[in-house]
Amino acid sequence: MRSGAPIRNVEDLQLTGKSWNTTSAENYIGFDNISVPFKGMVCFKAANKMNTAVYDREVWFVVDEPGKWTLRIDI
């Protein structure tokens, strides 16, 4: 998200979690059958608000409780 709106031009989206596989569908990407605590990373490239430069983004996260989680990144 940027300024409250979804970013549509994300490039090179990657999810990484120690020894876990990702699963994906047309509009979904995530991890399956993790055990907690779980540490993961999201990497992607996204342009700035004026679309004049593209930056590498890296976000680490930790899930401490089981459940269904959505990671929302505001840049």
# chains A, B, ... in the order shown; residues from 1 in each chain; ligands from 1

call {"tool": "residues_around", "arguments": {"residues": "stretch 48-59 of chain A", "least_positions_apart": "2", "cutoff": "12 Å", "atoms": "only C-alpha atoms", "output": "mmCIF file with N, CA, C and O atoms, in the first residue's frame"}}
result
data_model
loop_
_atom_site.group_PDB
_atom_site.id
_atom_site.type_symbol
_atom_site.label_atom_id
_atom_site.label_comp_id
_atom_site.auth_asym_id
_atom_site.auth_seq_id
_atom_site.Cartn_x
_atom_site.Cartn_y
_atom_site.Cartn_z
ATOM 1 N N MET A 1 0.844 -1.169 0.000
ATOM 2 C CA MET A 1 0.000 0.000 0.000
ATOM 3 C C MET A 1 0.897 1.243 0.000
ATOM 4 O O MET A 1 1.953 1.242 0.598
ATOM 5 N N ARG A 2 0.429 2.251 -0.709
ATOM 6 C CA ARG A 2 1.098 3.549 -0.678
ATOM 7 C C ARG A 2 0.017 4.615 -0.643
ATOM 8 O O ARG A 2 -0.863 4.625 -1.500
ATOM 9 N N SER A 3 0.051 5.459 0.354
ATOM 10 C CA SER A 3 -0.940 6.530 0.528
ATOM 11 C C SER A 3 -2.359 5.966 0.560
ATOM 12 O O SER A 3 -3.293 6.559 0.026
ATOM 13 N N GLY A 4 -2.524 4.783 1.140
ATOM 14 C CA GLY A 4 -3.838 4.168 1.298
ATOM 15 C C GLY A 4 -4.359 3.416 0.090
ATOM 16 O O GLY A 4 -5.447 2.862 0.120
ATOM 17 N N ALA A 5 -3.580 3.367 -1.001
ATOM 18 C CA ALA A 5 -4.013 2.671 -2.217
ATOM 19 C C ALA A 5 -3.051 1.515 -2.523
ATOM 20 O O ALA A 5 -1.850 1.625 -2.274
ATOM 21 N N PRO A 6 -3.569 0.415 -3.069
ATOM 22 C CA PRO A 6 -2.687 -0.714 -3.411
ATOM 23 C C PRO A 6 -1.670 -0.323 -4.477
ATOM 24 O O PRO A 6 -1.963 0.457 -5.379
ATOM 25 N N ILE A 7 -0.466 -0.853 -4.350
ATOM 26 C CA ILE A 7 0.562 -0.651 -5.368
ATOM 27 C C ILE A 7 0.361 -1.705 -6.443
ATOM 28 O O ILE A 7 0.343 -2.899 -6.154
ATOM 29 N N ARG A 8 0.219 -1.287 -7.666
ATOM 30 C CA ARG A 8 -0.054 -2.213 -8.771
ATOM 31 C C ARG A 8 1.199 -2.620 -9.547
ATOM 32 O O ARG A 8 1.176 -3.559 -10.309
ATOM 33 N N ASN A 9 2.297 -1.898 -9.372
ATOM 34 C CA ASN A 9 3.493 -2.174 -10.170
ATOM 35 C C ASN A 9 4.631 -2.763 -9.343
ATOM 36 O O ASN A 9 5.774 -2.356 -9.464
ATOM 37 N N VAL A 10 4.326 -3.757 -8.505
ATOM 38 C CA VAL A 10 5.350 -4.441 -7.716
ATOM 39 C C VAL A 10 6.087 -5.421 -8.620
ATOM 40 O O VAL A 10 5.476 -6.142 -9.394
ATOM 41 N N GLU A 11 7.417 -5.426 -8.504
ATOM 42 C CA GLU A 11 8.239 -6.326 -9.310
ATOM 43 C C GLU A 11 9.024 -7.262 -8.397
ATOM 44 O O GLU A 11 9.327 -6.924 -7.261
ATOM 45 N N ASP A 12 9.372 -8.425 -8.920
ATOM 46 C CA ASP A 12 10.237 -9.392 -8.231
ATOM 47 C C ASP A 12 9.772 -9.718 -6.815
ATOM 48 O O ASP A 12 10.578 -9.755 -5.883
ATOM 49 N N LEU A 13 8.495 -9.992 -6.638
ATOM 50 C CA LEU A 13 7.959 -10.338 -5.326
ATOM 51 C C LEU A 13 8.468 -11.709 -4.907
ATOM 52 O O LEU A 13 8.355 -12.679 -5.653
ATOM 53 N N GLN A 14 9.067 -11.775 -3.702
ATOM 54 C CA GLN A 14 9.603 -13.030 -3.177
ATOM 55 C C GLN A 14 9.240 -13.161 -1.711
ATOM 56 O O GLN A 14 9.311 -12.195 -0.962
ATOM 57 N N LEU A 15 8.850 -14.348 -1.320
ATOM 58 C CA LEU A 15 8.616 -14.674 0.082
ATOM 59 C C LEU A 15 9.655 -15.699 0.499
ATOM 60 O O LEU A 15 9.915 -16.654 -0.227
ATOM 61 N N THR A 16 10.223 -15.514 1.675
ATOM 62 C CA THR A 16 11.228 -16.431 2.181
ATOM 63 C C THR A 16 10.915 -16.762 3.634
ATOM 64 O O THR A 16 10.611 -15.876 4.415
ATOM 65 N N GLY A 17 10.984 -18.041 3.950
ATOM 66 C CA GLY A 17 10.827 -18.494 5.321
ATOM 67 C C GLY A 17 11.746 -19.674 5.524
ATOM 68 O O GLY A 17 11.896 -20.501 4.623
ATOM 69 N N LYS A 39 9.606 -17.035 11.321
ATOM 70 C CA LYS A 39 10.225 -15.805 10.846
ATOM 71 C C LYS A 39 10.279 -15.848 9.329
ATOM 72 O O LYS A 39 10.756 -16.822 8.747
ATOM 73 N N GLY A 40 9.765 -14.809 8.688
ATOM 74 C CA GLY A 40 9.740 -14.764 7.238
ATOM 75 C C GLY A 40 10.188 -13.414 6.720
ATOM 76 O O GLY A 40 10.363 -12.456 7.478
ATOM 77 N N MET A 41 10.360 -13.348 5.409
ATOM 78 C CA MET A 41 10.790 -12.114 4.770
ATOM 79 C C MET A 41 10.041 -11.937 3.455
ATOM 80 O O MET A 41 9.800 -12.904 2.734
ATOM 81 N N VAL A 42 9.683 -10.706 3.155
ATOM 82 C CA VAL A 42 9.081 -10.329 1.884
ATOM 83 C C VAL A 42 10.033 -9.356 1.204
ATOM 84 O O VAL A 42 10.458 -8.375 1.814
ATOM 85 N N CYS A 43 10.389 -9.637 -0.033
ATOM 86 C CA CYS A 43 11.238 -8.747 -0.829
ATOM 87 C C CYS A 43 10.488 -8.383 -2.106
ATOM 88 O O CYS A 43 9.821 -9.230 -2.700
ATOM 89 N N PHE A 44 10.613 -7.142 -2.521
ATOM 90 C CA PHE A 44 10.015 -6.708 -3.782
ATOM 91 C C PHE A 44 10.634 -5.395 -4.212
ATOM 92 O O PHE A 44 11.355 -4.750 -3.454
ATOM 93 N N LYS A 45 10.354 -5.012 -5.434
ATOM 94 C CA LYS A 45 10.778 -3.722 -5.966
ATOM 95 C C LYS A 45 9.518 -2.926 -6.260
ATOM 96 O O LYS A 45 8.553 -3.462 -6.804
ATOM 97 N N ALA A 46 9.537 -1.646 -5.887
ATOM 98 C CA ALA A 46 8.394 -0.780 -6.151
ATOM 99 C C ALA A 46 8.885 0.641 -6.423
ATOM 100 O O ALA A 46 9.857 1.098 -5.818
ATOM 101 N N PHE A 61 9.332 -10.339 9.200
ATOM 102 C CA PHE A 61 8.201 -10.432 10.114
ATOM 103 C C PHE A 61 8.295 -11.719 10.925
ATOM 104 O O PHE A 61 8.945 -12.670 10.512
ATOM 105 N N VAL A 62 7.650 -11.718 12.092
ATOM 106 C CA VAL A 62 7.617 -12.881 12.967
ATOM 107 C C VAL A 62 6.170 -13.151 13.344
ATOM 108 O O VAL A 62 5.443 -12.235 13.727
ATOM 109 N N LEU A 71 -0.274 -9.915 5.888
ATOM 110 C CA LEU A 71 0.779 -8.929 6.074
ATOM 111 C C LEU A 71 0.486 -7.761 5.143
ATOM 112 O O LEU A 71 0.439 -7.921 3.931
ATOM 113 N N ARG A 72 0.281 -6.601 5.715
ATOM 114 C CA ARG A 72 0.031 -5.383 4.928
ATOM 115 C C ARG A 72 1.233 -4.477 5.102
ATOM 116 O O ARG A 72 1.618 -4.146 6.216
ATOM 117 N N ILE A 73 1.812 -4.055 4.004
ATOM 118 C CA ILE A 73 2.998 -3.207 4.022
ATOM 119 C C ILE A 73 2.615 -1.848 3.442
ATOM 120 O O ILE A 73 2.174 -1.756 2.302
ATOM 121 N N ASP A 74 2.789 -0.809 4.228
ATOM 122 C CA ASP A 74 2.550 0.561 3.772
ATOM 123 C C ASP A 74 3.894 1.232 3.549
ATOM 124 O O ASP A 74 4.722 1.290 4.456
ATOM 125 N N ILE A 75 4.102 1.726 2.324
ATOM 126 C CA ILE A 75 5.372 2.409 2.029
ATOM 127 C C ILE A 75 5.120 3.852 1.696
ATOM 128 O O ILE A 75 4.046 4.264 1.426
#

call {"tool": "atom_distance", "arguments": {"atom1": "atom CA of A:Ala25", "atom2": "atom CA of A:Glu65"}}
result
24.6 Å

call {"tool": "atom_distance", "arguments": {"atom1": "atom CA of A:Asn27", "atom2": "atom CA of A:Pro66"}}
result
22.9 Å

call {"tool": "atom_distance", "arguments": {"atom1": "atom CA of A:Ile29", "atom2": "atom CA of A:Lys68"}}
result
13.2 Å

call {"tool": "residues_around", "arguments": {"residues": "A:Gly30", "least_positions_apart": "5", "cutoff": "9 Å", "atoms": "only C-alpha atoms", "output": "ChimeraX atom specification"}}
result
/A:15,21-24

call {"tool": "select_by_dssp", "arguments": {"residues": "chain A", "states": "strand (DSSP E or B)", "output": "ChimeraX atom specification"}}
result
/A:2,5,11-17,22-25,28-31,38-47,54-63

call {"tool": "write_last_selection", "arguments": {"atoms": "C-alpha atoms", "output": "short mmCIF file (atom, residue, chain, number, x, y, z; two decimals), in the first residue's frame"}}
result
data_model
loop_
_atom_site.label_atom_id
_atom_site.label_comp_id
_atom_site.auth_asym_id
_atom_site.auth_seq_id
_atom_site.Cartn_x
_atom_site.Cartn_y
_atom_site.Cartn_z
CA ARG A 2 1.10 3.55 -0.68
CA ALA A 5 -4.01 2.67 -2.22
CA GLU A 11 8.24 -6.33 -9.31
CA ASP A 12 10.24 -9.39 -8.23
CA LEU A 13 7.96 -10.34 -5.33
CA GLN A 14 9.60 -13.03 -3.18
CA LEU A 15 8.62 -14.67 0.08
CA THR A 16 11.23 -16.43 2.18
CA GLY A 17 10.83 -18.49 5.32
CA THR A 22 5.45 -20.89 -0.51
CA THR A 23 2.14 -21.49 -2.24
CA SER A 24 0.59 -19.22 -4.83
CA ALA A 25 -2.49 -18.75 -6.96
CA TYR A 28 -2.49 -15.02 -3.62
CA ILE A 29 0.96 -15.94 -2.36
CA GLY A 30 1.70 -17.32 1.09
CA PHE A 31 3.21 -20.03 3.28
CA PHE A 38 7.86 -18.38 12.32
CA LYS A 39 10.23 -15.80 10.85
CA GLY A 40 9.74 -14.76 7.24
CA MET A 41 10.79 -12.11 4.77
CA VAL A 42 9.08 -10.33 1.88
CA CYS A 43 11.24 -8.75 -0.83
CA PHE A 44 10.01 -6.71 -3.78
CA LYS A 45 10.78 -3.72 -5.97
CA ALA A 46 8.39 -0.78 -6.15
CA ALA A 47 8.54 2.68 -7.66
CA VAL A 54 12.46 2.01 -8.25
CA TYR A 55 13.57 0.86 -4.79
CA ASP A 56 14.33 -2.57 -3.37
CA ARG A 57 12.10 -3.25 -0.35
CA GLU A 58 12.73 -5.87 2.33
CA VAL A 59 10.40 -6.60 5.25
CA TRP A 60 11.08 -9.17 7.99
CA PHE A 61 8.20 -10.43 10.11
CA VAL A 62 7.62 -12.88 12.97
CA VAL A 63 4.42 -14.84 13.65
#
